[in-house]
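**Student:** One file: work_4.csv (CSV, C-alpha atoms).
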chain,number,residue,atom,x,y,z
P,8,MET,CA,73.1,-5.2,17.2
P,9,ALA,CA,73.4,-1.7,18.8
P,10,THR,CA,76.8,-0.4,19.8
P,11,LYS,CA,77.8,-0.4,23.5
P,12,SER,CA,77.3,3.4,23.5
P,13,GLU,CA,73.8,3.2,22.0
P,14,LEU,CA,72.9,0.4,24.4
P,15,ARG,CA,74.2,2.4,27.4
P,16,ARG,CA,72.0,5.4,26.4
P,17,THR,CA,68.9,3.2,25.9
P,18,LEU,CA,69.5,1.1,29.1
P,19,ARG,CA,70.1,4.2,31.3
P,20,ALA,CA,66.8,5.7,30.1
P,21,ALA,CA,64.9,2.4,30.7
P,22,ARG,CA,66.4,2.0,34.1
P,23,ARG,CA,65.7,5.6,35.1
P,24,ALA,CA,62.0,5.2,34.0
P,25,HIS,CA,61.7,1.9,35.8
P,26,VAL,CA,63.0,3.3,39.1
P,27,ALA,CA,60.9,6.5,38.8
P,28,ALA,CA,57.8,4.4,38.4
P,29,GLN,CA,58.3,2.4,41.6
P,30,PRO,CA,56.8,3.9,44.8
P,31,ASP,CA,59.5,4.7,47.5
P,32,ALA,CA,58.0,2.1,49.9
P,33,ILE,CA,58.4,-0.7,47.3
P,34,ARG,CA,61.9,0.4,46.3
P,35,ALA,CA,62.9,0.3,50.0
P,36,LEU,CA,61.9,-3.4,50.3
P,37,LEU,CA,63.9,-4.5,47.2
P,38,PHE,CA,67.5,-5.7,47.6
P,39,HIS,CA,67.0,-5.6,51.4
P,40,ARG,CA,68.8,-8.9,51.8
P,41,PRO,CA,70.2,-11.5,49.5
P,42,PRO,CA,67.9,-14.3,48.4
P,43,ALA,CA,68.4,-17.5,50.4
P,44,PRO,CA,69.9,-19.5,47.5
P,45,LEU,CA,72.6,-16.8,47.1
P,46,ALA,CA,73.3,-16.4,50.8
P,47,ALA,CA,73.7,-20.2,51.1
P,48,ARG,CA,76.6,-20.0,48.5
P,49,ILE,CA,78.6,-17.5,50.6
P,50,ALA,CA,80.9,-19.1,53.1
P,51,PRO,CA,81.0,-17.8,56.7
P,52,GLY,CA,83.8,-15.3,57.0
P,53,ALA,CA,84.1,-14.5,53.3
P,54,THR,CA,85.0,-11.0,52.6
P,55,ILE,CA,82.3,-9.2,50.6
P,56,GLY,CA,82.9,-6.4,48.0
P,57,LEU,CA,79.9,-4.3,47.4
P,58,TYR,CA,79.3,-0.8,45.9
P,59,HIS,CA,77.6,2.4,46.9
P,60,ALA,CA,74.8,2.7,44.3
P,61,ALA,CA,74.6,5.7,42.0
P,62,PRO,CA,71.1,7.1,41.3
P,63,ASP,CA,68.9,4.4,39.6
P,64,GLU,CA,71.4,1.6,40.2
P,65,ALA,CA,70.2,-1.5,42.1
P,66,PRO,CA,70.9,-0.6,45.7
P,67,ALA,CA,73.5,-2.6,47.6
P,68,ARG,CA,73.3,-0.9,51.0
P,69,GLY,CA,70.8,-3.5,52.4
P,70,TYR,CA,73.3,-6.3,51.4
P,71,ALA,CA,76.1,-4.4,53.1
P,72,ARG,CA,74.1,-4.3,56.3
P,73,PHE,CA,73.0,-7.9,56.0
P,74,PHE,CA,76.6,-9.2,55.5
P,75,HIS,CA,78.0,-6.9,58.2
P,76,GLU,CA,75.5,-8.3,60.7
P,77,ALA,CA,76.5,-11.8,59.7
P,78,GLY,CA,80.1,-11.0,60.6
P,79,HIS,CA,81.5,-10.6,57.1
P,80,THR,CA,84.2,-7.9,56.3
P,81,ILE,CA,82.8,-5.4,53.8
P,82,ALA,CA,84.7,-3.5,51.2
P,83,LEU,CA,83.6,-0.7,48.8
P,84,PRO,CA,85.3,0.7,45.7
P,85,ARG,CA,87.6,3.6,46.2
P,86,PHE,CA,89.2,5.8,43.6
P,87,ALA,CA,92.1,8.3,44.2
P,88,SER,CA,91.0,10.2,41.0
P,89,ARG,CA,88.7,9.7,38.0
P,90,ASP,CA,91.5,8.0,36.0
P,91,ALA,CA,93.0,6.0,38.9
P,92,PRO,CA,92.5,2.2,39.1
P,93,MET,CA,89.7,1.0,41.3
P,94,ILE,CA,90.7,-0.5,44.6
P,95,LEU,CA,88.4,-1.9,47.3
P,96,ALA,CA,88.7,-0.6,50.8
P,97,HIS,CA,87.3,-1.7,54.2
P,98,HIS,CA,83.8,-0.3,54.9
P,99,THR,CA,83.1,-0.5,58.6
P,100,ASP,CA,79.9,1.4,59.0
P,101,PRO,CA,77.1,0.3,56.6
P,102,TYR,CA,74.5,2.0,58.8
P,103,GLY,CA,75.8,5.6,59.3
P,104,GLU,CA,78.5,5.5,56.6
P,105,THR,CA,80.7,7.6,58.9
P,106,ASP,CA,83.8,6.0,57.3
P,107,CYS,CA,82.8,7.3,53.8
P,108,GLU,CA,83.5,10.4,51.9
P,109,PRO,CA,82.6,11.6,48.4
P,110,GLY,CA,84.9,10.2,45.7
P,111,PRO,CA,85.9,11.7,42.4
P,112,PHE,CA,82.7,10.3,40.7
P,113,GLY,CA,80.5,11.9,43.4
P,114,ILE,CA,79.8,8.5,45.0
P,115,GLN,CA,80.5,7.7,48.7
P,116,GLN,CA,83.6,5.6,49.2
P,117,PRO,CA,85.8,4.6,52.2
P,118,GLY,CA,88.2,7.3,53.3
P,119,ALA,CA,91.9,7.3,52.3
P,120,ALA,CA,92.9,5.7,55.6
P,121,ALA,CA,90.7,2.6,55.1
P,122,ASP,CA,92.7,-0.6,54.5
P,123,VAL,CA,92.8,-2.0,51.0
P,124,ILE,CA,91.0,-5.4,50.8
P,125,VAL,CA,90.7,-8.0,48.1
P,126,PRO,CA,87.2,-9.6,48.6
P,127,ASP,CA,86.3,-13.2,48.0
P,128,ILE,CA,83.0,-12.2,46.5
P,129,LEU,CA,82.3,-9.0,44.5
P,130,PHE,CA,78.8,-7.6,43.9
P,131,VAL,CA,78.9,-5.3,40.9
P,132,PRO,CA,76.5,-2.7,39.4
P,133,LEU,CA,75.6,-2.8,35.8
P,134,LEU,CA,73.6,-1.2,33.0
P,135,GLY,CA,72.6,-4.4,31.2
P,136,PHE,CA,73.0,-8.1,31.4
P,137,THR,CA,72.0,-11.3,29.6
P,138,ASP,CA,70.6,-14.5,31.0
P,139,ASP,CA,74.1,-16.0,30.5
P,140,CYS,CA,75.4,-13.3,32.9
P,141,GLU,CA,77.2,-11.2,30.4
P,142,ARG,CA,77.5,-7.6,31.8
P,143,LEU,CA,77.4,-4.2,30.3
P,144,GLY,CA,78.9,-1.6,32.7
P,145,GLN,CA,79.2,2.2,32.6
P,146,GLY,CA,82.1,2.0,30.2
P,147,GLY,CA,85.0,2.9,32.4
P,148,GLY,CA,86.3,-0.7,32.5
P,149,HIS,CA,87.0,-0.4,36.3
P,150,TYR,CA,85.5,-3.7,37.3
P,151,ASP,CA,86.8,-5.7,34.3
P,152,ARG,CA,90.4,-4.5,35.0
P,153,TRP,CA,90.0,-5.2,38.7
P,154,LEU,CA,88.7,-8.7,38.0
P,155,ALA,CA,91.5,-9.4,35.5
P,156,GLU,CA,94.0,-8.5,38.2
P,157,HIS,CA,92.2,-10.6,40.8
P,158,PRO,CA,90.9,-13.8,39.1
P,159,GLY,CA,88.9,-16.4,41.0
P,160,ARG,CA,86.5,-14.1,42.7
P,161,MET,CA,82.8,-15.0,42.7
P,162,THR,CA,81.1,-12.1,40.9
P,163,ILE,CA,77.4,-11.2,41.2
P,164,GLY,CA,75.6,-8.4,39.5
P,165,LEU,CA,72.6,-6.6,41.1
P,166,ALA,CA,70.1,-5.3,38.6
P,167,TRP,CA,66.5,-4.3,37.9
P,168,ASP,CA,64.5,-6.8,35.8
P,169,VAL,CA,64.2,-4.2,33.0
P,170,GLN,CA,68.0,-4.4,32.5
P,171,LEU,CA,67.9,-7.9,31.0
P,172,CYS,CA,69.0,-7.9,27.4
P,173,ALA,CA,68.6,-10.6,24.7
P,174,GLY,CA,72.3,-10.1,23.8
P,175,LEU,CA,75.2,-7.7,24.4
P,176,PRO,CA,78.2,-6.9,22.3
P,177,THR,CA,81.2,-8.3,24.1
P,178,GLU,CA,84.9,-8.0,23.8
P,179,PRO,CA,87.7,-10.2,25.0
P,180,HIS,CA,88.3,-8.0,28.1
P,181,ASP,CA,84.6,-8.2,29.3
P,182,VAL,CA,84.4,-10.5,32.3
P,183,PRO,CA,81.1,-12.5,32.6
P,184,LEU,CA,79.5,-12.7,36.0
P,185,ASP,CA,78.8,-15.8,38.0
P,186,ALA,CA,75.2,-14.7,38.7
P,187,VAL,CA,72.9,-11.7,38.5
P,188,VAL,CA,70.2,-11.0,41.1
P,189,THR,CA,67.1,-9.0,40.2
P,190,PRO,CA,64.0,-8.4,42.4
P,191,THR,CA,62.3,-11.4,40.8
P,192,ARG,CA,65.0,-13.9,39.8
P,193,ILE,CA,68.6,-15.2,40.1
P,194,TYR,CA,70.4,-15.8,36.8
P,195,GLY,CA,73.5,-18.0,36.7
P,196,PHE,CA,74.9,-20.5,39.2
P,197,ASN,CA,74.4,-23.3,36.7
Go ahead and render the structure in this file as structure tokens.
**Tutor:**
Amino acid sequence: MATKSELRRTLRAARRAHVAAQPDAIRALLFHRPPAPLAARIAPGATIGLYHAAPDEAPARGYARFFHEAGHTIALPRFASRDAPMILAHHTDPYGETDCEPGPFGIQQPGAAADVIVPDILFVPLLGFTDDCERLGQGGGHYDRWLAEHPGRMTIGLAWDVQLCAGLPTEPHDVPLDAVVTPTRIYGFN
């Protein structure tokens, strides 16, 4: 089996090619709202943690708008610096993103004045996943550390179908997801 570094390189290239091959009009329709079986599992009033997608990541902005309209409190990751721990902070404007500013990784995040929130449900980006909902992230360990500090959260990955892997090298600190949603399928929730 390839190392995590080798897999990350291969999966980034496959994801980049997959996204580049999709017409903008099709990409805009994908991940617009959560599939009904997933939405049915989310309790009214649950606090939802999402992410601001980096280029080529499965977009989460449509989910932020959907959950905001449904009355859920939304949180996004915020980093004080590149080596600071990830926290999640209140995101109040999923349409104009007027409450966001560029973070140390070049990704939009809630401003420093936004309240810290511990969501009930956390949607996470990923580079690769298995049909058993193992996840390979970017390699910083931010989500695994946050989840270890906040057990009991429902975790759901968002991914392109091309990111499915037959297997992944895992370590004791790697936290599996409860589910992964792609444009064509939901994995997990067994």
**Student:** Find the residues around Ala119 in chain P up to 9 Å (only C-alpha atoms counted), leave out those fewer than 6 positions away in its own chain, and share them as a list in words.
**Tutor:**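 So the residues in contact are Arg85, Ala87, Ala96 and Glu108 of chain P.
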**Student:** Neighbours of Asp181 in chain P within 12 Å (only C-alpha atoms; same-chain residues fewer than 3 positions away dropped), as a count of residues only?
**Tutor:** 22
**Student:** Using all atoms listed in the file, what table do you get, as a tab-separated table, when you list each residue of range 148-177 of chain P with an atom no more than 8 Å from range 22-42 of chain P, its nearest pair of atoms, and their distance in Å rounded to one decimal, rows by chain then rising number?
**Tutor:**
residue	atom	partner	partner_atom	distance
P:Trp167	CA	P:Arg22	CA	7.4
P:Val169	CA	P:Arg22	CA	6.7
P:Gln170	CA	P:Arg22	CA	6.8
**Student:** Expressed in Å to a single decimal, how great is the separation between CA of Leu14 in chain P and CA of Gly135 in chain P?
**Tutor:** 8.3 Å
**Student:** Around (79.0, -0.4, 62.3) in the file's own coordinates, what residues are found within 12 Å if you use all atoms listed in the file, given back as a list in words?
**Tutor:**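 With a cut-off of 12 Å, the residues come to Ala71, Arg72, Phe73, Phe74, His75, Glu76, Ala77, Gly78, His79, Thr80, Ile81, His97, His98, Thr99, Asp100, Pro101, Tyr102, Gly103, Glu104, Thr105 and Asp106 of chain P.
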**Student:** Find the distance between CA of Arg16 in chain P and CA of Leu129 in chain P and write it in Å to one decimal.
**Tutor:**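 Those two atoms sit 25.3 Å apart.
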**Student:** My list of candidates is P:Ala82, P:Leu134, P:Ile124, P:Val187. Which is closest to Ala21 in chain P when distances are computed with all atoms listed in the file?
**Tutor:**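 Among the listed residues, the smallest separation from Ala21 in chain P belongs to P:Leu134.
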**Student:** Which of these residues is nearest to Ala186 in chain P, using only C-alpha atoms: P:Ala91, P:Ala65, P:Ile55, P:Leu45?
**Tutor:**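 Checking each candidate against Ala186 in chain P, we get P:Leu45 as the closest.
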**Student:** Please identify all polymer residues lying at most 12 Å from the point (91.7, -14.0, 38.8) (file coordinates), using only C-alpha atoms, and present the result as a PyMOL selection string.
**Tutor:** chain P and resi 125-128+151-162+182
**Student:** Grab the residues selected above and save them as a PDB file, keeping the file's coordinate frame with C-alpha atoms.
**Tutor:**
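Just written: out-v9.pdb:
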ATOM      1  CA  VAL P 125      90.700  -8.000  48.100  1.00  0.00           C
ATOM      2  CA  PRO P 126      87.200  -9.600  48.600  1.00  0.00           C
ATOM      3  CA  ASP P 127      86.300 -13.200  48.000  1.00  0.00           C
ATOM      4  CA  ILE P 128      83.000 -12.200  46.500  1.00  0.00           C
ATOM      5  CA  ASP P 151      86.800  -5.700  34.300  1.00  0.00           C
ATOM      6  CA  ARG P 152      90.400  -4.500  35.000  1.00  0.00           C
ATOM      7  CA  TRP P 153      90.000  -5.200  38.700  1.00  0.00           C
ATOM      8  CA  LEU P 154      88.700  -8.700  38.000  1.00  0.00           C
ATOM      9  CA  ALA P 155      91.500  -9.400  35.500  1.00  0.00           C
ATOM     10  CA  GLU P 156      94.000  -8.500  38.200  1.00  0.00           C
ATOM     11  CA  HIS P 157      92.200 -10.600  40.800  1.00  0.00           C
ATOM     12  CA  PRO P 158      90.900 -13.800  39.100  1.00  0.00           C
ATOM     13  CA  GLY P 159      88.900 -16.400  41.000  1.00  0.00           C
ATOM     14  CA  ARG P 160      86.500 -14.100  42.700  1.00  0.00           C
ATOM     15  CA  MET P 161      82.800 -15.000  42.700  1.00  0.00           C
ATOM     16  CA  THR P 162      81.100 -12.100  40.900  1.00  0.00           C
ATOM     17  CA  VAL P 182      84.400 -10.500  32.300  1.00  0.00           C
TER      18      VAL P 182
END
**Student:** For Pro62 in chain P, which residue among P:Cys107, P:Ala43, P:Gln115, P:Ala50 is the nearest when counting only C-alpha atoms?
**Tutor:**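 Looking only at the distances to Pro62 in chain P, the closest residue turns out to be P:Gln115.
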